[in-house]
$ cat final27.cif   # mmCIF, C-alpha atoms and all ligand atoms
data_data
loop_
_atom_site.label_atom_id
_atom_site.label_comp_id
_atom_site.auth_asym_id
_atom_site.auth_seq_id
_atom_site.Cartn_x
_atom_site.Cartn_y
_atom_site.Cartn_z
CA MET A 1 11.79 22.17 2.82
CA SER A 2 10.78 18.52 2.29
CA VAL A 3 10.10 15.49 4.52
CA THR A 4 10.99 11.88 3.67
CA VAL A 5 9.40 8.89 5.38
CA ARG A 6 10.60 5.30 5.04
CA VAL A 7 7.95 2.56 5.27
CA PRO A 8 8.37 -1.25 5.37
CA ALA A 9 6.67 -4.06 3.47
CA LYS A 10 4.81 -6.81 5.35
CA VAL A 11 4.41 -10.55 5.28
CA ASN A 12 1.39 -12.20 6.88
CA VAL A 13 2.53 -15.06 9.11
CA GLN A 14 -1.07 -15.99 9.87
CA LEU A 15 -4.00 -15.02 7.69
CA ALA A 16 -7.22 -16.62 8.96
CA VAL A 17 -10.19 -15.47 6.85
CA GLY A 18 -13.85 -15.64 7.87
CA ALA A 19 -16.94 -15.59 5.66
CA ALA A 20 -17.78 -12.49 3.60
CA ARG A 21 -19.53 -9.82 5.71
CA PRO A 22 -22.57 -7.89 4.49
CA ASP A 23 -20.22 -4.99 3.53
CA GLY A 24 -18.18 -7.35 1.32
CA PHE A 25 -15.12 -7.37 3.59
CA HIS A 26 -13.98 -10.46 5.52
CA ASP A 27 -13.22 -10.63 9.22
CA LEU A 28 -9.61 -11.68 9.74
CA ALA A 29 -7.15 -12.91 12.30
CA ASN A 30 -4.22 -11.31 10.51
CA VAL A 31 -0.74 -11.55 12.02
CA PHE A 32 1.50 -9.02 10.30
CA LEU A 33 5.29 -8.95 10.41
CA ALA A 34 7.04 -5.90 8.94
CA VAL A 35 10.13 -6.78 6.90
CA GLY A 36 13.10 -4.74 5.73
CA LEU A 37 12.04 -3.92 2.16
CA TYR A 38 11.12 -0.25 2.02
CA ASP A 39 9.42 2.45 0.00
CA GLU A 40 10.37 6.07 0.68
CA VAL A 41 7.85 8.87 0.30
CA THR A 42 9.13 12.45 0.01
CA VAL A 43 6.71 15.34 0.30
CA THR A 44 7.58 18.87 -0.86
CA PRO A 45 5.34 21.98 -0.96
CA ALA A 46 4.06 22.63 -4.52
CA ASP A 47 1.41 24.62 -6.44
CA GLY A 48 -0.97 21.65 -6.54
CA LEU A 49 -1.07 17.90 -5.86
CA ARG A 50 1.40 15.92 -7.97
CA VAL A 51 2.68 12.32 -7.66
CA THR A 52 5.86 10.87 -9.17
CA CYS A 53 7.35 7.41 -8.73
CA THR A 54 10.67 5.74 -9.46
CA GLY A 55 11.76 2.11 -9.06
CA PRO A 56 11.61 -1.20 -10.96
CA ASP A 57 7.75 -1.39 -10.88
CA ALA A 58 7.14 2.37 -11.25
CA ASP A 59 5.28 2.01 -14.57
CA GLN A 60 2.51 0.05 -12.77
CA VAL A 61 1.85 2.75 -10.17
CA PRO A 62 -1.04 5.17 -10.81
CA LEU A 63 0.04 8.82 -10.58
CA ASP A 64 -3.45 10.32 -10.24
CA ALA A 65 -5.66 10.89 -7.18
CA THR A 66 -6.27 7.11 -6.84
CA ASN A 67 -2.69 6.65 -5.64
CA LEU A 68 -2.86 5.79 -1.94
CA ALA A 69 -0.19 8.42 -1.17
CA ALA A 70 -2.34 11.10 -2.85
CA ARG A 71 -5.45 9.83 -1.06
CA ALA A 72 -3.62 10.09 2.27
CA ALA A 73 -2.54 13.70 1.59
CA ILE A 74 -6.10 14.62 0.54
CA ALA A 75 -7.63 12.96 3.64
CA LEU A 76 -5.25 14.73 6.05
CA ALA A 77 -5.69 18.11 4.29
CA GLU A 78 -9.50 17.77 4.43
CA ARG A 79 -9.41 17.01 8.14
CA TYR A 80 -7.28 20.11 8.84
CA GLY A 81 -9.05 22.46 6.41
CA ARG A 82 -6.15 22.99 4.03
CA THR A 83 -5.40 22.17 0.39
CA PRO A 84 -3.07 19.25 -0.41
CA ASP A 85 -0.61 21.37 -2.40
CA VAL A 86 2.31 18.97 -2.35
CA HIS A 87 4.58 17.01 -4.63
CA LEU A 88 4.68 13.39 -3.44
CA HIS A 89 7.61 11.38 -4.71
CA ILE A 90 7.60 7.61 -4.14
CA ALA A 91 10.92 5.76 -4.35
CA LYS A 92 9.40 2.30 -4.73
CA ASP A 93 11.20 -0.89 -3.80
CA ILE A 94 8.17 -2.91 -2.60
CA PRO A 95 6.64 -4.97 -5.44
CA VAL A 96 3.36 -3.59 -6.87
CA ALA A 97 0.23 -5.77 -6.42
CA GLY A 98 2.48 -8.31 -4.73
CA GLY A 99 0.65 -8.94 -1.45
CA MET A 100 3.30 -7.04 0.55
CA ALA A 101 1.21 -3.90 1.22
CA GLY A 102 3.21 -1.63 -1.10
CA GLY A 103 0.40 0.82 -1.78
CA SER A 104 -0.53 0.79 1.91
CA ALA A 105 3.07 1.64 2.79
CA ASP A 106 2.91 4.68 0.51
CA GLY A 107 -0.40 5.75 2.07
CA ALA A 108 1.01 5.56 5.60
CA GLY A 109 4.27 7.21 4.50
CA ALA A 110 2.53 10.14 2.77
CA LEU A 111 0.27 10.63 5.79
CA LEU A 112 3.17 10.82 8.23
CA ALA A 113 5.24 12.99 5.87
CA CYS A 114 2.40 15.50 5.27
CA ASP A 115 1.65 15.54 8.98
CA ALA A 116 5.27 16.43 9.73
CA LEU A 117 5.44 19.02 6.92
CA TRP A 118 2.19 20.74 7.90
CA GLY A 119 2.69 20.40 11.68
CA THR A 120 -0.97 19.46 12.15
CA GLY A 121 -0.45 18.15 15.69
CA ALA A 122 -2.65 15.11 14.87
CA SER A 123 -2.53 12.42 17.55
CA ARG A 124 -1.37 8.89 16.79
CA ALA A 125 -5.01 7.73 17.20
CA GLU A 126 -6.20 10.29 14.60
CA LEU A 127 -3.51 9.19 12.15
CA LEU A 128 -4.49 5.54 12.69
CA ASP A 129 -8.16 6.45 12.02
CA ILE A 130 -7.23 8.02 8.69
CA CYS A 131 -5.07 4.97 7.87
CA ALA A 132 -8.04 2.65 8.48
CA GLU A 133 -10.19 4.76 6.11
CA LEU A 134 -7.53 4.41 3.41
CA GLY A 135 -7.30 0.58 3.56
CA SER A 136 -7.21 -2.45 5.83
CA ASP A 137 -3.40 -2.83 5.70
CA VAL A 138 -2.54 0.87 6.09
CA PRO A 139 -2.63 1.09 9.93
CA PHE A 140 -0.06 -1.70 10.16
CA SER A 141 2.24 0.08 7.67
CA LEU A 142 2.28 3.02 10.09
CA VAL A 143 3.08 0.98 13.22
CA GLY A 144 5.32 -1.82 11.84
CA GLY A 145 6.94 -4.44 14.08
CA ALA A 146 4.51 -7.32 14.51
CA ALA A 147 0.81 -7.05 15.25
CA LEU A 148 -2.47 -8.94 15.22
CA GLY A 149 -5.07 -7.28 12.99
CA THR A 150 -8.72 -8.10 13.66
CA GLY A 151 -11.92 -6.76 12.09
CA ARG A 152 -10.94 -6.35 8.43
CA GLY A 153 -7.31 -6.19 9.64
CA GLU A 154 -7.33 -2.56 10.77
CA LYS A 155 -7.75 -3.07 14.54
CA LEU A 156 -4.23 -3.68 15.78
CA THR A 157 -2.70 -5.24 18.87
CA ALA A 158 1.12 -5.10 19.02
CA LEU A 159 2.88 -8.45 19.42
CA GLU A 160 6.16 -9.24 21.15
CA VAL A 161 8.95 -10.59 18.93
CA GLY A 162 11.98 -12.19 20.60
CA GLY A 163 14.42 -12.33 17.69
CA THR A 164 15.08 -11.62 14.03
CA PHE A 165 13.44 -13.77 11.35
CA HIS A 166 15.21 -14.20 8.00
CA TRP A 167 13.04 -14.26 4.88
CA VAL A 168 13.45 -14.71 1.16
CA PHE A 169 10.81 -13.27 -1.18
CA ALA A 170 10.21 -14.39 -4.76
CA MET A 171 8.48 -11.81 -6.93
CA ALA A 172 6.25 -13.03 -9.76
CA ASP A 173 6.15 -11.68 -13.30
CA ARG A 174 2.59 -10.35 -12.90
CA GLY A 175 0.44 -9.06 -10.01
CA LEU A 176 -2.75 -10.36 -8.40
CA SER A 177 -5.71 -8.16 -7.49
CA THR A 178 -6.54 -8.36 -3.77
CA PRO A 179 -10.35 -8.16 -4.31
CA ALA A 180 -10.10 -10.91 -6.97
CA VAL A 181 -8.27 -13.20 -4.52
CA PHE A 182 -10.92 -12.62 -1.81
CA ARG A 183 -13.63 -13.31 -4.44
CA GLU A 184 -11.88 -16.57 -5.35
CA PHE A 185 -11.73 -17.46 -1.63
CA ASP A 186 -15.54 -16.96 -1.52
CA ARG A 187 -16.04 -19.05 -4.67
CA LEU A 188 -13.88 -21.95 -3.40
CA GLY A 189 -15.67 -21.90 -0.02
CA ALA A 190 -19.22 -21.58 -1.38
CA GLY A 191 -21.58 -24.04 0.31
CA THR A 192 -19.12 -24.87 3.11
CA ASP A 193 -19.21 -23.70 6.72
CA ILE A 194 -16.43 -21.09 7.10
CA PRO A 195 -15.29 -20.85 10.74
CA GLU A 196 -14.69 -17.60 12.61
CA PRO A 197 -11.02 -16.56 12.22
CA VAL A 198 -9.02 -17.27 15.38
CA ALA A 199 -5.44 -16.18 16.12
CA SER A 200 -2.96 -18.98 16.85
CA ARG A 201 -1.43 -19.17 20.34
CA GLU A 202 1.44 -21.33 18.96
CA LEU A 203 2.25 -18.59 16.47
CA PHE A 204 2.34 -15.86 19.14
CA ASP A 205 4.64 -18.08 21.25
CA ALA A 206 6.94 -18.71 18.26
CA LEU A 207 7.20 -14.95 17.56
CA ALA A 208 7.84 -14.15 21.24
CA ALA A 209 10.54 -16.83 21.42
CA GLY A 210 12.19 -15.71 18.16
CA ASP A 211 12.14 -19.41 17.17
CA PRO A 212 12.18 -19.92 13.36
CA ASP A 213 11.37 -23.66 13.52
CA ALA A 214 8.33 -23.03 15.70
CA LEU A 215 7.25 -20.13 13.47
CA ALA A 216 7.66 -22.32 10.37
CA ALA A 217 5.38 -24.94 11.96
CA ALA A 218 2.72 -22.35 12.83
CA VAL A 219 2.38 -20.13 9.71
CA THR A 220 -0.89 -20.38 7.76
CA ASN A 221 -2.56 -18.43 4.96
CA ASP A 222 -6.24 -19.09 4.17
CA LEU A 223 -5.89 -17.04 0.95
CA GLN A 224 -3.18 -19.36 -0.40
CA PRO A 225 -5.56 -21.84 -2.14
CA ALA A 226 -7.34 -18.89 -3.81
CA ALA A 227 -4.04 -17.30 -4.93
CA LEU A 228 -2.84 -20.69 -6.29
CA SER A 229 -6.14 -21.22 -8.08
CA LEU A 230 -5.70 -17.87 -9.90
CA PHE A 231 -1.93 -18.30 -10.36
CA PRO A 232 -1.14 -22.07 -10.49
CA GLU A 233 2.53 -21.49 -11.43
CA LEU A 234 3.17 -20.30 -7.86
CA ALA A 235 3.14 -23.95 -6.75
CA GLY A 236 6.41 -24.42 -8.65
CA THR A 237 8.01 -21.42 -6.90
CA LEU A 238 6.93 -22.72 -3.47
CA ALA A 239 8.39 -26.16 -4.29
CA ALA A 240 11.68 -24.64 -5.52
CA GLY A 241 12.12 -22.68 -2.28
CA ARG A 242 11.39 -25.74 -0.15
CA ALA A 243 13.86 -27.80 -2.19
CA ALA A 244 16.50 -25.10 -1.61
CA GLY A 245 16.18 -25.49 2.17
CA ALA A 246 13.45 -23.09 3.32
CA LEU A 247 11.91 -23.99 6.69
CA THR A 248 8.52 -23.15 5.22
CA ALA A 249 7.10 -21.60 2.07
CA LEU A 250 3.88 -19.65 1.71
CA VAL A 251 2.08 -17.08 -0.39
CA SER A 252 2.47 -13.58 1.12
CA GLY A 253 -1.03 -12.24 1.88
CA SER A 254 -3.10 -12.21 -1.32
CA GLY A 255 0.04 -12.97 -3.39
CA PRO A 256 1.57 -13.49 -5.82
CA THR A 257 4.83 -12.82 -3.95
CA THR A 258 5.93 -16.02 -2.22
CA ALA A 259 7.72 -15.95 1.15
CA PHE A 260 10.33 -18.41 2.45
CA LEU A 261 11.49 -18.55 6.06
CA ALA A 262 15.16 -19.43 6.59
CA ARG A 263 17.00 -20.35 9.79
CA ASP A 264 19.75 -17.69 9.40
CA THR A 265 21.34 -15.32 6.88
CA GLU A 266 23.53 -18.06 5.30
CA SER A 267 20.54 -20.32 4.81
CA ALA A 268 18.54 -17.39 3.38
CA ALA A 269 21.32 -16.74 0.84
CA LYS A 270 21.20 -20.42 -0.17
CA VAL A 271 17.41 -20.39 -0.58
CA ALA A 272 17.69 -17.18 -2.61
CA ARG A 273 20.29 -18.81 -4.89
CA GLY A 274 18.14 -21.90 -5.36
CA LEU A 275 15.11 -19.80 -6.25
CA ARG A 276 17.09 -17.68 -8.76
CA GLU A 277 18.47 -20.81 -10.42
CA SER A 278 15.01 -22.44 -10.55
CA GLY A 279 13.76 -19.84 -13.06
CA THR A 280 10.33 -19.92 -11.38
CA CYS A 281 10.15 -16.21 -10.49
CA ARG A 282 11.04 -12.72 -11.73
CA THR A 283 13.30 -11.52 -8.90
CA VAL A 284 14.40 -12.73 -5.50
CA ARG A 285 15.06 -10.56 -2.43
CA THR A 286 16.13 -11.30 1.14
CA ALA A 287 14.84 -9.25 4.09
CA SER A 288 14.54 -9.73 7.81
CA GLY A 289 11.84 -8.79 10.28
CA PRO A 290 10.53 -7.29 12.43
CA ALA A 291 11.24 -3.89 10.86
CA PRO A 292 10.15 -0.53 12.30
CA GLY A 293 7.00 1.16 10.98
CA ALA A 294 6.80 4.44 9.06
CA THR A 295 9.75 6.62 10.14
CA VAL A 296 10.65 10.21 9.28
CA LEU A 297 14.22 10.20 7.97
CA PRO A 298 16.72 12.79 9.17
CA ASP A 299 16.94 15.77 6.84
CA VAL A 300 20.36 15.05 5.30
CA PRO A 301 21.13 16.06 1.71
CA ARG A 302 21.10 12.79 -0.29
CA THR A 303 24.55 13.48 -1.73
CA MET A 304 26.19 13.49 1.74
CA THR A 305 27.55 10.33 3.32
CA LEU A 306 26.80 9.60 6.97
CA VAL A 307 29.89 8.61 8.99
C1 LIG B 1 -4.77 -9.55 1.98
C2 LIG B 1 -4.24 -8.49 2.95
O1 LIG B 1 -3.14 -7.81 2.36
C3 LIG B 1 -3.71 -9.18 4.19
O2 LIG B 1 -2.98 -8.30 5.02
C4 LIG B 1 -5.32 -7.49 3.32
O3 LIG B 1 -6.42 -8.15 3.89
C5 LIG B 1 -5.76 -6.59 2.18
O4 LIG B 1 -5.67 -5.29 2.65
P1 LIG B 1 -5.81 -4.02 1.66
O5 LIG B 1 -5.07 -4.28 0.39
O6 LIG B 1 -5.46 -2.82 2.48
O7 LIG B 1 -7.34 -4.08 1.33
P2 LIG B 1 -8.44 -2.92 1.23
O8 LIG B 1 -7.93 -1.84 0.35
O9 LIG B 1 -8.94 -2.59 2.59
O10 LIG B 1 -9.57 -3.74 0.47
C6 LIG B 1 -9.43 -4.14 -0.88
C7 LIG B 1 -10.44 -5.22 -1.15
O11 LIG B 1 -9.98 -6.45 -0.55
C8 LIG B 1 -11.07 -7.18 -0.01
N1 LIG B 1 -10.89 -7.33 1.46
C9 LIG B 1 -9.89 -6.66 2.11
C10 LIG B 1 -9.72 -6.84 3.47
C11 LIG B 1 -10.61 -7.69 4.16
N2 LIG B 1 -10.49 -7.90 5.47
N3 LIG B 1 -11.59 -8.34 3.49
C12 LIG B 1 -11.74 -8.17 2.15
O12 LIG B 1 -12.63 -8.78 1.56
C13 LIG B 1 -12.33 -6.40 -0.37
O13 LIG B 1 -12.77 -6.92 -1.60
C14 LIG B 1 -11.81 -4.98 -0.58
O14 LIG B 1 -12.62 -4.25 -1.47
N1 LIG B 2 1.22 3.97 -4.07
C1 LIG B 2 0.83 2.90 -4.74
N2 LIG B 2 1.70 1.93 -5.03
C2 LIG B 2 1.30 0.83 -5.70
N3 LIG B 2 0.06 0.62 -6.15
C3 LIG B 2 -0.85 1.54 -5.87
C4 LIG B 2 -0.51 2.71 -5.15
N4 LIG B 2 -1.62 3.44 -5.00
C5 LIG B 2 -2.60 2.76 -5.60
N5 LIG B 2 -2.16 1.62 -6.16
C6 LIG B 2 -3.00 0.64 -6.89
O1 LIG B 2 -3.25 -0.44 -5.98
C7 LIG B 2 -3.07 -1.71 -6.61
C8 LIG B 2 -2.53 -2.69 -5.55
O2 LIG B 2 -1.22 -2.32 -5.27
P1 LIG B 2 -0.39 -2.74 -4.00
O3 LIG B 2 1.03 -2.70 -4.42
O4 LIG B 2 -0.80 -1.97 -2.81
O5 LIG B 2 -0.88 -4.24 -3.81
P2 LIG B 2 -0.59 -5.27 -2.68
O6 LIG B 2 0.81 -5.06 -2.20
O7 LIG B 2 -0.96 -6.61 -3.22
O8 LIG B 2 -1.59 -4.85 -1.52
P3 LIG B 2 -1.93 -5.66 -0.16
O9 LIG B 2 -0.78 -6.53 0.20
O10 LIG B 2 -2.16 -4.51 0.82
O11 LIG B 2 -3.19 -6.39 -0.48
C9 LIG B 2 -2.10 -1.44 -7.75
O12 LIG B 2 -2.31 -2.33 -8.80
C10 LIG B 2 -2.38 0.00 -8.12
O13 LIG B 2 -3.36 0.06 -9.14
#
$ encode --input "final27.cif" --output "C-alpha cells" --more "lines below"
Ligand SMILES: C[C@](O)(CO)[C@H](O)COP(=O)(O)OP(=O)(O)OC[C@H]1O[C@@H](n2ccc(N)nc2=O)[C@H](O)[C@@H]1O
Ligand SMILES: Nc1ncnc2c1ncn2[C@@H]1O[C@H](COP(=O)(O)OP(=O)(O)OP(=O)(O)O)[C@@H](O)[C@H]1O
Amino acid sequence: MSVTVRVPAKVNVQLAVGAARPDGFHDLANVFLAVGLYDEVTVTPADGLRVTCTGPDADQVPLDATNLAARAAIALAERYGRTPDVHLHIAKDIPVAGGMAGGSADGAGALLACDALWGTGASRAELLDICAELGSDVPFSLVGGAALGTGRGEKLTALEVGGTFHWVFAMADRGLSTPAVFREFDRLGAGTDIPEPVASRELFDALAAGDPDALAAAVTNDLQPAALSLFPELAGTLAAGRAAGALTALVSGSGPTTAFLARDTESAAKVARGLRESGTCRTVRTASGPAPGATVLPDVPRTMTLV
C-alpha cells in the first residue's frame, strides 16, 4: 500500500521584506500564487527511513535526513509516537534552489502522504503547525491557491483569484541559496531605514479581478536587487522575456528562476520561444495559476490509463 501526493510550485507576486528580526528571519508581506509545476511524493511502508528522487535536478537533492520530505515524516512520526519507517520517493519537476519552493513542496507532500498512510487523524491546523516548523514556505505548499503570508511567511490568509494567470518560467544554470539572498538584502540595505512590509491593495484587486494587466502593474519583489547582485546575468534573462512580449518580468522569490506574466496561452508560448532563442537560461517552462495545494492522488496503478 502506498500514497502519492502531488504538490505545486509557487511564484511570489508580491514579496515585501522588512528589516532582519532578532531571530535572523525577516517579516514579510508575501503574496504566494501556486502554479501548475508539480513534484509528486510517494510514501510506502519500509524497514527504515529511505529517500529516493528522480527528475532533471535529482542529483542536487539530498537523500539523507536533511531532505525536507524526510524531516516532515520524522516530525509527524514524533508527534504521533511512531517510527518513520517509510520509503519516500520524490518525482521532482520543480527546479532545485530555484525560488519556487521545491523543497517546501516535498515537505508538505510527504507530511500529507504520511498522514494519509498512517491515518493519524491530525487536524488541518496541526498539519499547518508542523509545516511552519519545517520552513516558512511549507504551509503555503500545503494549501496552494493564492494567499498572503505574514510573519516570516508562515501565517496565511487565503486570497480570492478571479481568473487564470499564464506564466513562463526561465530556469537558470545554477541555484541561489535563500539565506544568502536574504543576507545580501541586509547588506544592500545596511544604514537605510527599511519600512515595515505592507501588502498591496492594488495587487489583491488584480488577483480578484483575474486581470493580467493590473497584476503586471502591481507585482513587486524586494529580494530582486539582492538576487541580481549575486547573479547579474539574470538581468539579461529578464530583458529577453520583456522583449518577447511578457507583460512583466521578475525574479521568483529568492531566485534565480525568473517569472514572466503573459496575457494568454498564445502569448505565453511566444514569450517561451523568445526566451529559448535568447540563450539566456537553461530551460523554459510554461505554467498557469492558481493551482491546488497538496493533493492525495487516486490510487491507480501507474501503468493504467484513465478514460
Ligand atoms: C524567499 C521565500 O521563498 C519567499 O516565499 C521564502 O521567504 C523563503 O522560505 P523558505 O525557503 O521556506 O525559508 P526557511 O527555510 O524558513 O528559511 C531559510 C532561511 O531564509 C531566511 N529567511 C526566510 C524567511 C524569512 N521570512 N526571512 C528570512 O530571513 C533565513 O536566513 C532562513 O534561515
Ligand atoms: N526535497 C528537497 N528538494 C530540493 N532541495 C531540498 C530538498 N530537501 C532539502 N533540500 C535542500 O534545500 C536547498 C533549497 O532547495 P529548494 O529547492 O527548496 O530551494 P528554493 O526552491 O529556492 O526554496 P524557496 O523558494 O522555498 O526559498 C537545496 O539546495 C537542498 O540542499
$ closest_residue --input "final27.cif" --among "A:Ala249, A:Leu117, A:Ala20, A:Ala227" --to "Leu215 in chain A" --atoms "only C-alpha atoms"
A:Ala249
$ axis_aligned_box --input "final27.cif" --around "ligand LIG 2 (chain B)" --padding-each-side "3 Å" --output "lines of an AutoDock Vina configuration file"
center_x = -0.8
center_y = -1.3
center_z = -4.2
size_x = 11.1
size_y = 16.6
size_z = 16.0
$ residues_around --input "final27.cif" --residues "Thr295 in chain A" --least-positions-apart "6" --cutoff "10 Å" --atoms "only C-alpha atoms" --output "ChimeraX atom specification"
/A:4-8,40,108-109,112-113,142-144
$ atom_distance --input "final27.cif" --atom1 "CA of Thr44 in chain A" --atom2 "CA of Ala70 in chain A"
12.8 Å
$ residues_near_ligand --input "final27.cif" --ligand "ligand LIG 2 (chain B)" --cutoff "6 Å" --atoms "only C-alpha atoms and all ligand atoms" --output "VMD selection string"
chain A and resid 61 to 62 66 to 69 96 to 104 106 137 178 253 to 254
$ decode --input "final27.cif" --residues "range 207-233 of chain A" --atoms "N, CA and C atoms" --output "PDB file, in the first residue's frame"
ATOM      1  N   LEU A 207      -5.691  40.333  -8.495  1.00  0.00           N
ATOM      2  CA  LEU A 207      -5.899  38.882  -8.374  1.00  0.00           C
ATOM      3  C   LEU A 207      -7.392  38.568  -8.390  1.00  0.00           C
ATOM      4  N   ALA A 208      -8.163  39.328  -7.616  1.00  0.00           N
ATOM      5  CA  ALA A 208      -9.606  39.060  -7.504  1.00  0.00           C
ATOM      6  C   ALA A 208     -10.297  39.260  -8.845  1.00  0.00           C
ATOM      7  N   ALA A 209      -9.798  40.224  -9.631  1.00  0.00           N
ATOM      8  CA  ALA A 209     -10.410  40.510 -10.933  1.00  0.00           C
ATOM      9  C   ALA A 209      -9.910  39.548 -12.012  1.00  0.00           C
ATOM     10  N   GLY A 210      -8.842  38.817 -11.742  1.00  0.00           N
ATOM     11  CA  GLY A 210      -8.257  37.940 -12.766  1.00  0.00           C
ATOM     12  C   GLY A 210      -7.692  38.747 -13.922  1.00  0.00           C
ATOM     13  N   ASP A 211      -7.182  39.961 -13.606  1.00  0.00           N
ATOM     14  CA  ASP A 211      -6.766  40.919 -14.651  1.00  0.00           C
ATOM     15  C   ASP A 211      -5.233  40.912 -14.802  1.00  0.00           C
ATOM     16  N   PRO A 212      -4.704  40.318 -15.889  1.00  0.00           N
ATOM     17  CA  PRO A 212      -3.243  40.203 -16.014  1.00  0.00           C
ATOM     18  C   PRO A 212      -2.527  41.548 -16.148  1.00  0.00           C
ATOM     19  N   ASP A 213      -3.177  42.528 -16.809  1.00  0.00           N
ATOM     20  CA  ASP A 213      -2.505  43.838 -16.938  1.00  0.00           C
ATOM     21  C   ASP A 213      -2.369  44.504 -15.573  1.00  0.00           C
ATOM     22  N   ALA A 214      -3.442  44.433 -14.783  1.00  0.00           N
ATOM     23  CA  ALA A 214      -3.393  45.038 -13.449  1.00  0.00           C
ATOM     24  C   ALA A 214      -2.401  44.292 -12.565  1.00  0.00           C
ATOM     25  N   LEU A 215      -2.358  42.962 -12.698  1.00  0.00           N
ATOM     26  CA  LEU A 215      -1.396  42.193 -11.891  1.00  0.00           C
ATOM     27  C   LEU A 215       0.028  42.574 -12.291  1.00  0.00           C
ATOM     28  N   ALA A 216       0.257  42.684 -13.619  1.00  0.00           N
ATOM     29  CA  ALA A 216       1.597  43.039 -14.101  1.00  0.00           C
ATOM     30  C   ALA A 216       2.044  44.388 -13.522  1.00  0.00           C
ATOM     31  N   ALA A 217       1.091  45.314 -13.389  1.00  0.00           N
ATOM     32  CA  ALA A 217       1.443  46.652 -12.872  1.00  0.00           C
ATOM     33  C   ALA A 217       1.708  46.619 -11.371  1.00  0.00           C
ATOM     34  N   ALA A 218       1.214  45.584 -10.682  1.00  0.00           N
ATOM     35  CA  ALA A 218       1.278  45.588  -9.216  1.00  0.00           C
ATOM     36  C   ALA A 218       2.371  44.682  -8.634  1.00  0.00           C
ATOM     37  N   VAL A 219       2.941  43.751  -9.430  1.00  0.00           N
ATOM     38  CA  VAL A 219       3.903  42.807  -8.838  1.00  0.00           C
ATOM     39  C   VAL A 219       5.172  43.531  -8.363  1.00  0.00           C
ATOM     40  N   THR A 220       5.713  43.069  -7.240  1.00  0.00           N
ATOM     41  CA  THR A 220       6.984  43.608  -6.725  1.00  0.00           C
ATOM     42  C   THR A 220       7.741  42.480  -6.019  1.00  0.00           C
ATOM     43  N   ASN A 221       9.057  42.599  -5.986  1.00  0.00           N
ATOM     44  CA  ASN A 221       9.879  41.636  -5.248  1.00  0.00           C
ATOM     45  C   ASN A 221      11.074  42.371  -4.645  1.00  0.00           C
ATOM     46  N   ASP A 222      11.024  42.591  -3.329  1.00  0.00           N
ATOM     47  CA  ASP A 222      12.124  43.300  -2.647  1.00  0.00           C
ATOM     48  C   ASP A 222      13.424  42.501  -2.643  1.00  0.00           C
ATOM     49  N   LEU A 223      13.352  41.180  -2.918  1.00  0.00           N
ATOM     50  CA  LEU A 223      14.595  40.392  -2.957  1.00  0.00           C
ATOM     51  C   LEU A 223      15.276  40.456  -4.325  1.00  0.00           C
ATOM     52  N   GLN A 224      14.573  41.061  -5.310  1.00  0.00           N
ATOM     53  CA  GLN A 224      15.134  41.054  -6.675  1.00  0.00           C
ATOM     54  C   GLN A 224      16.502  41.744  -6.761  1.00  0.00           C
ATOM     55  N   PRO A 225      16.692  42.950  -6.165  1.00  0.00           N
ATOM     56  CA  PRO A 225      18.024  43.573  -6.255  1.00  0.00           C
ATOM     57  C   PRO A 225      19.110  42.685  -5.648  1.00  0.00           C
ATOM     58  N   ALA A 226      18.773  41.981  -4.550  1.00  0.00           N
ATOM     59  CA  ALA A 226      19.770  41.105  -3.915  1.00  0.00           C
ATOM     60  C   ALA A 226      20.086  39.917  -4.822  1.00  0.00           C
ATOM     61  N   ALA A 227      19.041  39.318  -5.427  1.00  0.00           N
ATOM     62  CA  ALA A 227      19.268  38.176  -6.329  1.00  0.00           C
ATOM     63  C   ALA A 227      20.097  38.628  -7.538  1.00  0.00           C
ATOM     64  N   LEU A 228      19.808  39.816  -8.069  1.00  0.00           N
ATOM     65  CA  LEU A 228      20.559  40.323  -9.238  1.00  0.00           C
ATOM     66  C   LEU A 228      22.001  40.648  -8.863  1.00  0.00           C
ATOM     67  N   SER A 229      22.190  41.119  -7.642  1.00  0.00           N
ATOM     68  CA  SER A 229      23.542  41.436  -7.191  1.00  0.00           C
ATOM     69  C   SER A 229      24.391  40.158  -7.135  1.00  0.00           C
ATOM     70  N   LEU A 230      23.782  39.039  -6.694  1.00  0.00           N
ATOM     71  CA  LEU A 230      24.517  37.770  -6.597  1.00  0.00           C
ATOM     72  C   LEU A 230      24.580  37.035  -7.938  1.00  0.00           C
ATOM     73  N   PHE A 231      23.667  37.396  -8.846  1.00  0.00           N
ATOM     74  CA  PHE A 231      23.537  36.653 -10.117  1.00  0.00           C
ATOM     75  C   PHE A 231      23.206  37.673 -11.219  1.00  0.00           C
ATOM     76  N   PRO A 232      24.198  38.525 -11.596  1.00  0.00           N
ATOM     77  CA  PRO A 232      23.929  39.658 -12.506  1.00  0.00           C
ATOM     78  C   PRO A 232      23.398  39.234 -13.874  1.00  0.00           C
ATOM     79  N   GLU A 233      23.721  37.996 -14.300  1.00  0.00           N
ATOM     80  CA  GLU A 233      23.266  37.540 -15.630  1.00  0.00           C
ATOM     81  C   GLU A 233      21.746  37.475 -15.733  1.00  0.00           C
TER      82      GLU A 233
END
